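Report on one structure; see the data block that follows.
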Amino acid sequence: SQTIHQWPATLVQPVGSPLSLECTVEGTSNPNLYWYRQAAGRGLQLLFYSVGIGQISSEVPQNLSASRPQDRQFILSSKKLLLSDSGFYLCAWSATGQGFPYGYTFGSGTRLTVV
Amino acid sequence: KNQVEQSPQSLIILEGKNCTLQCNYTVSPFSNLRWYKQDTGRGPVSLTIMTFSENTKSNGRYTATLDADTKQSSLHITASQLSDSASYICVVSVSHAGNNRKLIWGLGTSLAVNP
């Protein structure tokens, strides 16, 4: 069966520090991968998605970047965190070629607080 | 503008009671509608996925309805349990060629089930 792992679960970082969140998927090949952010009182916002190694699409301009160095690994990064980067970050995957209504499973999330 | 609106924003019910959550959307072209349950500090978990032609779909004590003409959906929870306390999020998918990445997220209804 497929599983998605996301870590760390919580993170407190000072303003201006770098960030690296990692997400890995097991039990499938060539998944579509996504990074979402959920700010307090707001809905989920898609940040990045990837359909393959090295292929990253950004949905909104921001202080963050994403990379996919391996087929089942998706990394969210920042060189210098801002206070506004605080939020709940979720990684998700869906099966390639399976459109609606399949797939789209979320990881357990990372609570990032920038202080 | 593609939007998903949920009501009520929050709800408190007694254990064993039923409740209904509402979702209205203005999304075009519509592909499917999903209800997710999100426990505090966790990633969302899919409850139901409904396509345009489906009116009702059940998942245990959860029953979702969809009226594509009025662009409304509801999630009915029967015989509520303490474990039903969570945020329930309505998500509408915009028909998009490729990898089903365009999801419009509601802000969710926060449900508290009290003993």
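Residue numbering restarts at 1 for every chain of the structure tokens, chains are lettered A, B, ... in their displayed order, and ligands are numbered from 1 as they appear.
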
Q. Which of chain A counts as strand (DSSP E) under DSSP, as a PyMOL selection string please?
A. chain A and resi 3-7+10-13+19-26+32-38+44-52+55-58+65-70+73-78+87-94+105-106+110-114

Could the residues of chain A that have an atom at most 10 Å from chain B be listed as a Markdown table, each with its closest atom pair and the distance in Å to one decimal, counting only C-alpha atoms and ordered by chain and ascending residue number?
| residue | atom | partner | partner_atom | distance |
| --- | --- | --- | --- | --- |
| A:Ala9 | CA | B:Gly41 | CA | 8.9 |
| A:Thr10 | CA | B:Gly41 | CA | 9.6 |
| A:Asn32 | CA | B:Asn99 | CA | 7.5 |
| A:Leu33 | CA | B:Arg101 | CA | 9.6 |
| A:Tyr34 | CA | B:Arg101 | CA | 8.5 |
| A:Gln38 | CA | B:Leu107 | CA | 9.7 |
| A:Ala40 | CA | B:Leu107 | CA | 9.9 |
| A:Gly41 | CA | B:Leu107 | CA | 7.2 |
| A:Arg42 | CA | B:Leu107 | CA | 5.7 |
| A:Gly43 | CA | B:Leu107 | CA | 4.5 |
| A:Leu44 | CA | B:Trp105 | CA | 6.1 |
| A:Gln45 | CA | B:Trp105 | CA | 7.8 |
| A:Leu46 | CA | B:Leu103 | CA | 8.4 |
| A:Phe48 | CA | B:Arg101 | CA | 9.9 |
| A:Tyr49 | CA | B:Arg101 | CA | 7.8 |
| A:Ser50 | CA | B:Asn99 | CA | 9.7 |
| A:Val51 | CA | B:Asn99 | CA | 7.9 |
| A:Glu59 | CA | B:Lys102 | CA | 9.9 |
| A:Phe88 | CA | B:Gly41 | CA | 8.1 |
| A:Tyr89 | CA | B:Gly43 | CA | 9.0 |
| A:Leu90 | CA | B:Gly43 | CA | 6.6 |
| A:Cys91 | CA | B:Gly43 | CA | 8.5 |
| A:Ala92 | CA | B:Gly43 | CA | 9.0 |
| A:Ser94 | CA | B:Asn99 | CA | 8.3 |
| A:Ala95 | CA | B:Asn99 | CA | 8.7 |
| A:Thr96 | CA | B:Asn99 | CA | 7.0 |
| A:Gly97 | CA | B:Asn99 | CA | 7.0 |
| A:Gln98 | CA | B:Asn99 | CA | 7.6 |
| A:Gly99 | CA | B:Asn100 | CA | 5.7 |
| A:Phe100 | CA | B:Asn100 | CA | 6.8 |
| A:Pro101 | CA | B:Ile49 | CA | 6.4 |
| A:Tyr102 | CA | B:Ile49 | CA | 8.5 |
| A:Gly103 | CA | B:Ser46 | CA | 9.5 |
| A:Tyr104 | CA | B:Ser46 | CA | 8.4 |
| A:Thr105 | CA | B:Val45 | CA | 7.2 |
| A:Phe106 | CA | B:Gly43 | CA | 5.6 |
| A:Gly107 | CA | B:Gly43 | CA | 5.7 |
| A:Ser108 | CA | B:Gly43 | CA | 4.5 |
| A:Gly109 | CA | B:Gly43 | CA | 5.6 |
| A:Thr110 | CA | B:Gly41 | CA | 8.3 |
| A:Arg111 | CA | B:Gly41 | CA | 7.6 |

Q) Which one of B:Lys57, B:Phe30, B:Lys17, B:Ala112 sits closest to Ser80 (chain B) if you count only C-alpha atoms? A)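 Once distances to Ser80 (chain B) are computed over only C-alpha atoms, the minimum belongs to B:Lys17.
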
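Checking B:Ser7, B:Leu47, B:Asn55, B:Arg61 one by one against Thr78 (chain B), counting only C-alpha atoms, you find the shortest gap at B:Arg61.
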
**Q.** Contacts of Leu83 (chain A) at 10 Å (only C-alpha atoms; same-chain gap of 3+ positions) as an MDAnalysis selection string
**A.** chainID A and resid 13:16 86:87 113:115

Q: Mind giving me the straight-line distance from CA of Glu54 (chain B) to CA of Val92 (chain B) in Å, one decimal?
A: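 Spanning CA of Glu54 (chain B) to CA of Val92 (chain B) is a straight-line distance of 14.0 Å.
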
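For the set B:Gln9, B:Ser53, B:Ser58, B:Gln72, the residue with the smallest atom-to-atom gap to Leu111 (chain B) is B:Gln9, counting only C-alpha atoms.
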
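In this model, the gap between CA of Leu14 (chain B) and CA of Val113 (chain B) comes to 5.5 Å.
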
Q | Computed interatomic separation between CA of Lys71 (chain B) and CA of Leu11 (chain B) (Å) | A |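 Between CA of Lys71 (chain B) and CA of Leu11 (chain B) the gap works out to 22.3 Å.
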
Q.
Just checking: using only C-alpha atoms, which residue out of A:Val12, A:Lys80, A:Val25, A:Ile75 ends up closest to Asn63 (chain A)?
A.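 Checking each candidate against Asn63 (chain A), we get A:Lys80 as the closest.
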
Q: Pick out the closest residue to Pro115 (chain B) from this set: B:Asn18, B:Gln81, B:Ser87, B:Ser73. Count only C-alpha atoms.
A: B:Gln81
